[in-house]
Amino acid sequence: MKIIDLLRTANRNLLSNKKRTILTVIAIFVGTFTIALTVAINNGASDYINEQVKMVGDMNTMIISPKTTATSSEDGPTEYVSEKTKMGADVVITKDNQKSIANIKYINSVEAVKNAPIDYIEGKNGKKYVLDSGHMAGITPLEDGEQLDEKSSEPQLLILPTYVKALGYKNNKDIIGKNVRLQVSSSVTKKSQIVIAKVMGVRSEGIINPGVNMCNTALIDKAVSISEEGLPASMKNNTYGVTAQMKENVTDKQIQYVKDKLDKMGYEGITLKDQVKDIMTVLDAITMVLMIFAALSLFAASFGIINTLYMSVQDRTREIGLMKAFGMSKRKISWLFSFEAIYIGFWGSLIGVLAATGAGKLLNAFSKANMNLMSGYDITKFSIQPILIIMGVIMLIAFLAGTFPARRASKLDPIKALSYE
Amino acid sequence: MEVLKVDDVLKTYGKKESQFMALSGINLSVKKGESLAIVGKSGSGKSTLMHIMALLDKPDNGHIFVNGKDVRDMKAKDLNILRNEKFGFVFQQFFMNPRETVLENVQLPLKIAGIGRSERKKLAMKALEAVDLVDKAKNKATALSGGQKQRVCIARAIVNNPEIIFADEPTGNLDSKTGDKVEKLLFKLKEEKGITLIIVTHDMELANKCDRQIVIRDGQIVMRDGQIVNKEGKVA
């Protein structure tokens, strides 16, 4: 029999018992849907992370902070050794420390991470809000507007999206270019001053420095000098951490060298890659668990295929006997049932993938409207290649499930089959 | 011309103590274009003999020659092709696919042979013409009377232009009037197309309409063309 006739016959056989076929297809559909959606969420999330990282651009930035001694570990509390144990007030990086860090091979420059001691921010509507802000080297991903000008003497600010409406502005475009009032006070003298800063842009919420409104150098220096008024000199310009810019195209080996050097000096260095790696590990772990569940459901579904086709073989025993009498080979009879199995896999996976794409669109719309975390990004991402791979694998599984009934059919003795009741 | 020869065929079922001899010492020669009736009671071995002659089963001993060629060592694939091209089958229980139309049912041997769609349809229509059922071509196979169903089966049996038609109790499920009609059709086609007809039946009337008859009892031929024969096949 020609292949096309085998395909047509297989198709007709499936259609002739619609209920049975549909139920079997549904089982495959459930497994496919889960897998496709899981893969899409994984792709969407990793895409988002990679985009964020790409925007920030520099894989050669390292965040350095003093190593804090763990207070206890599995073996019990840590012994106090006066020189080595650093807690609390000792845990700063002084200007001299910063110089020695900058001297480490492969490090080009070092910049202090400063927290801006801003009491509140006030905008158009006169309402005052607490402002969590800071200064860090590197580019912050934006929703709207421009990046900060670090060389300018004008104090500038990148603001979080939630502040836009709260401060009384209609939308992002409304606040860009406007001035806001910031109050800074000295921790010692308790005197406060107002600093005027221009909002250059609205930053997007995300995994890079989340929750922090960004100040340019001019703003942070002004704020810090106001807040440090009255402090003894030894306590001025201390920082809890620094960002170090490493040389261009720094290799992993070189990064490890720097980390080891810092460790000896009592510091800990983390690259952007390290931060992202942690997130990706969690993401992958979640994905893996979901995929295992989906695989289990597909496994169960394949039993559905086996069962359906065994029943089919039994129902059509006489038909098979007749075909054999008329000269149909064992192999083609086996292929007939294998094609039916593959069809079931095809339809189940196709519908599953389409439904997952639809569900993904809904999820994207929902997350855009409700979740601030990934502002401007899709939580699910579908692309042709993974979809085709998923469908291919499922059709293969269906085919494999069908081999048992297919073999049974091919081995039927034509005489016995014809006299089957 | 000898189209089929059965040479000293033996067929047993079961093992050792419970071994049962379905056929023993069968010798038979069938000429092209003749009609042969294999007669016997239920369990006599007549169906077994037909199955072996139709290459649906293999004898435990002995040879089968089709057009002078020993089929004993033929590969399964070649046997399939041989059956598909040279044989046609008519069964007592019809065996039609109820979900398909009459025309589609008739096409089955051609489909198996790998013949294309339009060619198949043409040949099938010709076969339906020969059995006078062209008007039922598009009907579902189930919506026919017993006699019509059997005529469709005959059409299916001749659609591939076979050399031999094997008919197993072709009128068994039909009333006598319809049975007569079907019998007449079979013999007419045999004459027109020169097909060899091998009919298994327990109906002596039908058997006597054939050119030759053999009677089987307990797995052995006991009568040939009206004459009693002994174990060696010689006239007693």
# chains A, B, ... in the order shown; residues from 1 in each chain; ligands from 1
$ residues_around --residues "region 136-140 of chain A" --least-positions-apart "6" --cutoff "10 Å" --atoms "only C-alpha atoms" --output "JSON, numbers by chain"
{"A": [52, 53, 54, 55, 56, 57, 58, 61, 63, 110, 111, 112, 113, 114, 115, 147, 148, 150, 158, 202, 203, 204, 205, 206, 208, 209, 213, 214, 215, 216, 217, 242, 243, 244, 245]}
$ select_by_dssp --residues "region 40-156 of chain B" --states "strand (DSSP E or B)" --output "ChimeraX atom specification"
/B:61-66,69-70,87-90,101,140
$ atom_distance --atom1 "CA of Ser367 (chain A)" --atom2 "CA of Tyr48 (chain A)"
13.4 Å
$ closest_residue --among "B:Ala37, B:Met96, B:Val6, B:Leu174" --to "Ile214 (chain B)" --atoms "only C-alpha atoms"
B:Ala37
$ select_by_dssp --residues "region 131-236 of chain B" --states "alpha helix (DSSP H)" --output "PyMOL selection string"
chain B and resi 146-158+176-193+204-208
$ interface_residues --of "chain B" --to "chain A" --cutoff "8 Å" --atoms "only C-alpha atoms" --output "PyMOL selection string"
chain B and resi 51+56-57+77+79-84+87-89+95-97+99+108-109+111-115
